[in-house]
Amino acid sequence: MNMEATVQISGMSHVYVSDDQANMALEDVQLTVHPGEFVSLLGPSGCGKTTLLSIIAGLIQPTQGEVRINGKSITSPTPEVGYMLQQDYLFPWRTIYDNSIIGLQLLGRLNMETEAYVAHLLEEMGLSRYRTYRPSQLSGGMRQRVALVRTLATEPELLLLDEPFSALDYQTKLQLEDLVIQTLHDRDKTAILVTHDITEAIAMSDRIILLEPRPGRIRREIVIPEEIRRTLPLQAREIPGFHELFRDIWREFELMGGKGEEAGR
Ligand code: ADP
Ligand code: MG
């Protein structure tokens, strides 16, 4: 087994500077993510989750510290990392199929083999029938599935998911959670999920990194019990220890200063 960390972050801080102020978005963050792990960054809005994910993606240079992916220092986006956002950002004028292959096209890797892989992913996500549709003809949940196909198509080793379910209705969100976990497990992917939803974080993760705001710091790390981990998200919610864990994290949110009301949606 390869024991090298997939993601290694040490002594990282990030300050946003504008004309009249400096905002310490992240302070002294240390994080190690191992191959095949599913880690959530959980915390109230403004605690630096998106900033941290953007730094890992190589989209933002941190003020201090560095990110290593498979031991290599990251200073710009790399094909090893796939990024999926809350908004699907599909191109409205492109068909579902043409949206799915865009990453491969940009990397100059579109060929018979990769096209067959995209067709397989579309099939797996129940989207084959909609290949020629435009995004506006699909529901929000289907569009997020297309975004997932597009992200997986280039076979990144690490997936970064920034609140990918938060714009969806509850039922669709639960279905998609199961689909995402199953898809990533089947392919031995490593993933980092950003969410402000405590339940989602417990149900999906191997480990939760709880962040607190102003400045964004790691407050606590929570290892999810084995029984919850090996159960798919929807079912996991019914395991007795689940609610105990929820209450525990909920209390932390309250201690962070009245941010609890944002947490449980
Ligand atoms: P989260 O994703 O947890 O809601 P963000 O990473 O978006 O948090 O933001 C963390 C902090 O940094 C917030 O105080 C936010 O206002 C600030 N911030 C985020 N992006 C920028 C930016 N581009 N310029 C200035 N400040 C920013
Ligand atoms: Mg965010």
# chains A, B, ... in the order shown; residues from 1 in each chain; ligands from 1
>>> closest_atom_pairs(of="chain A", to="ligand 1", cutoff="8 Å", atoms="only C-alpha atoms and all ligand atoms", output="JSON lines")
{"residue": "A:Val15", "atom": "CA", "partner": "ligand 1", "partner_atom_place_in_ligand_line": "12 (O)", "distance": 7.9}
{"residue": "A:Tyr16", "atom": "CA", "partner": "ligand 1", "partner_atom_place_in_ligand_line": "25 (C)", "distance": 4.8}
{"residue": "A:Val17", "atom": "CA", "partner": "ligand 1", "partner_atom_place_in_ligand_line": "25 (C)", "distance": 6.6}
{"residue": "A:Ser18", "atom": "CA", "partner": "ligand 1", "partner_atom_place_in_ligand_line": "25 (C)", "distance": 6.8}
{"residue": "A:Asn23", "atom": "CA", "partner": "ligand 1", "partner_atom_place_in_ligand_line": "26 (N)", "distance": 6.3}
{"residue": "A:Met24", "atom": "CA", "partner": "ligand 1", "partner_atom_place_in_ligand_line": "12 (O)", "distance": 7.0}
{"residue": "A:Ala25", "atom": "CA", "partner": "ligand 1", "partner_atom_place_in_ligand_line": "12 (O)", "distance": 4.4}
{"residue": "A:Leu26", "atom": "CA", "partner": "ligand 1", "partner_atom_place_in_ligand_line": "10 (C)", "distance": 7.4}
{"residue": "A:Gly43", "atom": "CA", "partner": "ligand 1", "partner_atom_place_in_ligand_line": "3 (O)", "distance": 6.5}
{"residue": "A:Pro44", "atom": "CA", "partner": "ligand 1", "partner_atom_place_in_ligand_line": "3 (O)", "distance": 6.2}
{"residue": "A:Ser45", "atom": "CA", "partner": "ligand 1", "partner_atom_place_in_ligand_line": "4 (O)", "distance": 3.6}
{"residue": "A:Gly46", "atom": "CA", "partner": "ligand 1", "partner_atom_place_in_ligand_line": "8 (O)", "distance": 3.6}
{"residue": "A:Cys47", "atom": "CA", "partner": "ligand 1", "partner_atom_place_in_ligand_line": "3 (O)", "distance": 4.0}
{"residue": "A:Gly48", "atom": "CA", "partner": "ligand 1", "partner_atom_place_in_ligand_line": "6 (O)", "distance": 3.2}
{"residue": "A:Lys49", "atom": "CA", "partner": "ligand 1", "partner_atom_place_in_ligand_line": "3 (O)", "distance": 3.7}
{"residue": "A:Thr50", "atom": "CA", "partner": "ligand 1", "partner_atom_place_in_ligand_line": "2 (O)", "distance": 3.7}
{"residue": "A:Thr51", "atom": "CA", "partner": "ligand 1", "partner_atom_place_in_ligand_line": "6 (O)", "distance": 3.7}
{"residue": "A:Leu52", "atom": "CA", "partner": "ligand 1", "partner_atom_place_in_ligand_line": "6 (O)", "distance": 6.5}
{"residue": "A:Val194", "atom": "CA", "partner": "ligand 1", "partner_atom_place_in_ligand_line": "2 (O)", "distance": 7.7}
{"residue": "A:His196", "atom": "CA", "partner": "ligand 1", "partner_atom_place_in_ligand_line": "3 (O)", "distance": 7.8}
{"residue": "A:Pro213", "atom": "CA", "partner": "ligand 1", "partner_atom_place_in_ligand_line": "14 (O)", "distance": 7.6}
{"residue": "A:Arg214", "atom": "CA", "partner": "ligand 1", "partner_atom_place_in_ligand_line": "14 (O)", "distance": 6.8}
{"residue": "A:Pro215", "atom": "CA", "partner": "ligand 1", "partner_atom_place_in_ligand_line": "11 (C)", "distance": 7.9}
{"residue": "A:Gly216", "atom": "CA", "partner": "ligand 1", "partner_atom_place_in_ligand_line": "10 (C)", "distance": 6.9}
>>> select_by_dssp(residues="segment 7-251 of chain A", states="strand (DSSP E)", output="PyMOL selection string")
chain A and resi 7-17+22-33+38-42+64-69+72-73+81-84+158-162+190-195+207-212+217-223
>>> closest_residue(among="A:Leu127, A:Leu161, A:Leu138, A:Ala147", to="ligand 2", atoms="only C-alpha atoms and all ligand atoms")
A:Leu161
>>> closest_residue(among="A:Leu193, A:Leu179, A:Val81, A:Leu184", to="Leu59 of chain A", atoms="only C-alpha atoms")
A:Val81
>>> residues_around(residues="Ile96 of chain A", least_positions_apart="6", cutoff="9 Å", atoms="only C-alpha atoms", output="list in words")
Leu90, Leu127, Tyr130, Arg131, Thr132, Tyr133, Arg134, Pro135, Arg143 and Val146 of chain A
>>> atom_distance(atom1="atom CA of Leu174 of chain A", atom2="atom CA of Ile56 of chain A")
26.5 Å
>>> closest_residue(among="A:Glu254, A:Glu221, A:Glu226, A:Asp88", to="Arg145 of chain A", atoms="only C-alpha atoms")
A:Asp88
>>> residues_around(residues="Leu31 of chain A", least_positions_apart="6", cutoff="12 Å", atoms="only C-alpha atoms", output="PDB file with N, CA and C atoms, in the first residue's frame")
ATOM      1  N   ALA A   5       1.068  10.532   1.607  1.00  0.00           N
ATOM      2  CA  ALA A   5      -0.177  11.278   1.697  1.00  0.00           C
ATOM      3  C   ALA A   5      -0.568  11.784   0.316  1.00  0.00           C
ATOM      4  N   THR A   6      -1.868  11.769   0.022  1.00  0.00           N
ATOM      5  CA  THR A   6      -2.326  12.365  -1.226  1.00  0.00           C
ATOM      6  C   THR A   6      -2.237  13.882  -1.124  1.00  0.00           C
ATOM      7  N   VAL A   7      -2.727  14.409   0.021  1.00  0.00           N
ATOM      8  CA  VAL A   7      -2.643  15.849   0.250  1.00  0.00           C
ATOM      9  C   VAL A   7      -1.912  16.100   1.558  1.00  0.00           C
ATOM     10  N   GLN A   8      -0.980  17.013   1.512  1.00  0.00           N
ATOM     11  CA  GLN A   8      -0.228  17.364   2.712  1.00  0.00           C
ATOM     12  C   GLN A   8      -0.134  18.890   2.775  1.00  0.00           C
ATOM     13  N   ILE A   9      -0.730  19.440   3.836  1.00  0.00           N
ATOM     14  CA  ILE A   9      -0.719  20.891   3.996  1.00  0.00           C
ATOM     15  C   ILE A   9      -0.086  21.197   5.344  1.00  0.00           C
ATOM     16  N   SER A  10       0.839  22.128   5.351  1.00  0.00           N
ATOM     17  CA  SER A  10       1.438  22.466   6.633  1.00  0.00           C
ATOM     18  C   SER A  10       1.616  23.969   6.766  1.00  0.00           C
ATOM     19  N   GLY A  11       1.412  24.448   7.987  1.00  0.00           N
ATOM     20  CA  GLY A  11       1.603  25.861   8.325  1.00  0.00           C
ATOM     21  C   GLY A  11       0.981  26.825   7.336  1.00  0.00           C
ATOM     22  N   MET A  12      -0.259  26.529   6.926  1.00  0.00           N
ATOM     23  CA  MET A  12      -0.837  27.380   5.904  1.00  0.00           C
ATOM     24  C   MET A  12      -1.720  28.484   6.473  1.00  0.00           C
ATOM     25  N   VAL A  39     -12.660  13.008   3.169  1.00  0.00           N
ATOM     26  CA  VAL A  39     -12.563  13.961   4.278  1.00  0.00           C
ATOM     27  C   VAL A  39     -13.505  15.129   4.016  1.00  0.00           C
ATOM     28  N   SER A  40     -14.241  15.554   5.045  1.00  0.00           N
ATOM     29  CA  SER A  40     -15.083  16.735   4.896  1.00  0.00           C
ATOM     30  C   SER A  40     -14.500  17.916   5.646  1.00  0.00           C
ATOM     31  N   LEU A  41     -14.598  19.078   5.026  1.00  0.00           N
ATOM     32  CA  LEU A  41     -14.298  20.333   5.701  1.00  0.00           C
ATOM     33  C   LEU A  41     -15.645  20.915   6.082  1.00  0.00           C
ATOM     34  N   LEU A  52      -9.766  27.260   1.345  1.00  0.00           N
ATOM     35  CA  LEU A  52      -8.875  26.115   1.508  1.00  0.00           C
ATOM     36  C   LEU A  52      -8.943  25.184   0.295  1.00  0.00           C
ATOM     37  N   LEU A  53     -10.160  24.948  -0.183  1.00  0.00           N
ATOM     38  CA  LEU A  53     -10.321  24.061  -1.345  1.00  0.00           C
ATOM     39  C   LEU A  53      -9.671  24.678  -2.598  1.00  0.00           C
ATOM     40  N   ILE A  56      -6.002  24.152  -2.415  1.00  0.00           N
ATOM     41  CA  ILE A  56      -5.639  22.768  -2.751  1.00  0.00           C
ATOM     42  C   ILE A  56      -5.727  22.549  -4.263  1.00  0.00           C
ATOM     43  N   GLY A  65       2.756  28.919   3.763  1.00  0.00           N
ATOM     44  CA  GLY A  65       2.602  27.473   3.776  1.00  0.00           C
ATOM     45  C   GLY A  65       2.488  26.904   2.371  1.00  0.00           C
ATOM     46  N   GLU A  66       2.396  25.577   2.277  1.00  0.00           N
ATOM     47  CA  GLU A  66       2.291  24.985   0.952  1.00  0.00           C
ATOM     48  C   GLU A  66       1.410  23.736   0.950  1.00  0.00           C
ATOM     49  N   VAL A  67       0.977  23.400  -0.248  1.00  0.00           N
ATOM     50  CA  VAL A  67       0.193  22.190  -0.467  1.00  0.00           C
ATOM     51  C   VAL A  67       1.040  21.226  -1.273  1.00  0.00           C
ATOM     52  N   ARG A  68       1.110  19.991  -0.807  1.00  0.00           N
ATOM     53  CA  ARG A  68       1.755  18.951  -1.607  1.00  0.00           C
ATOM     54  C   ARG A  68       0.708  17.926  -1.992  1.00  0.00           C
ATOM     55  N   ILE A  69       0.691  17.582  -3.254  1.00  0.00           N
ATOM     56  CA  ILE A  69      -0.179  16.511  -3.724  1.00  0.00           C
ATOM     57  C   ILE A  69       0.719  15.404  -4.243  1.00  0.00           C
ATOM     58  N   ILE A 192     -12.196  15.398  -1.011  1.00  0.00           N
ATOM     59  CA  ILE A 192     -12.401  16.384   0.043  1.00  0.00           C
ATOM     60  C   ILE A 192     -13.701  17.109  -0.265  1.00  0.00           C
ATOM     61  N   ARG A 207     -13.618  11.070   7.884  1.00  0.00           N
ATOM     62  CA  ARG A 207     -13.069  11.994   8.870  1.00  0.00           C
ATOM     63  C   ARG A 207     -13.607  13.388   8.585  1.00  0.00           C
ATOM     64  N   ILE A 208     -13.923  14.122   9.654  1.00  0.00           N
ATOM     65  CA  ILE A 208     -14.410  15.492   9.498  1.00  0.00           C
ATOM     66  C   ILE A 208     -13.381  16.452  10.088  1.00  0.00           C
ATOM     67  N   ILE A 209     -13.081  17.492   9.324  1.00  0.00           N
ATOM     68  CA  ILE A 209     -12.250  18.575   9.840  1.00  0.00           C
ATOM     69  C   ILE A 209     -13.198  19.725  10.123  1.00  0.00           C
ATOM     70  N   LEU A 210     -13.365  20.030  11.407  1.00  0.00           N
ATOM     71  CA  LEU A 210     -14.291  21.095  11.795  1.00  0.00           C
ATOM     72  C   LEU A 210     -13.523  22.406  11.839  1.00  0.00           C
ATOM     73  N   LEU A 211     -14.002  23.388  11.060  1.00  0.00           N
ATOM     74  CA  LEU A 211     -13.328  24.692  10.997  1.00  0.00           C
ATOM     75  C   LEU A 211     -14.137  25.728  11.749  1.00  0.00           C
ATOM     76  N   ARG A 217      -9.774  28.548  11.296  1.00  0.00           N
ATOM     77  CA  ARG A 217      -8.803  27.630  11.906  1.00  0.00           C
ATOM     78  C   ARG A 217      -9.423  26.255  12.073  1.00  0.00           C
ATOM     79  N   ILE A 218      -8.573  25.244  12.173  1.00  0.00           N
ATOM     80  CA  ILE A 218      -9.101  23.924  12.474  1.00  0.00           C
ATOM     81  C   ILE A 218      -9.428  23.872  13.953  1.00  0.00           C
ATOM     82  N   ARG A 220     -11.388  21.133  15.381  1.00  0.00           N
ATOM     83  CA  ARG A 220     -11.420  19.760  15.859  1.00  0.00           C
ATOM     84  C   ARG A 220     -11.392  18.803  14.694  1.00  0.00           C
ATOM     85  N   GLU A 221     -10.926  17.606  14.958  1.00  0.00           N
ATOM     86  CA  GLU A 221     -10.952  16.577  13.938  1.00  0.00           C
ATOM     87  C   GLU A 221     -11.791  15.436  14.486  1.00  0.00           C
TER      88      GLU A 221
END
>>> residues_around(residues="segment 236-252 of chain A", least_positions_apart="3", cutoff="8 Å", atoms="only C-alpha atoms", output="PyMOL selection string")
chain A and resi 198-199+202-203+227-229+231-233+255-256+260+263
>>> closest_residue(among="A:Thr63, A:Asn99, A:Thr190, A:Gln86", to="Thr32 of chain A", atoms="only C-alpha atoms")
A:Thr190
>>> select_by_dssp(residues="segment 192-245 of chain A", states="alpha helix (DSSP H)", output="list in words")
Ile198, Thr199, Glu200, Ala201, Ile202, Ala203, Met204, Glu226, Glu227, Ile228, Arg229, Pro233, Leu234, Gln235, Ala236, Pro240, Gly241, Phe242, His243, Glu244 and Leu245 of chain A
>>> atom_distance(atom1="atom CA of Leu107 of chain A", atom2="atom CA of Gln144 of chain A")
21.7 Å
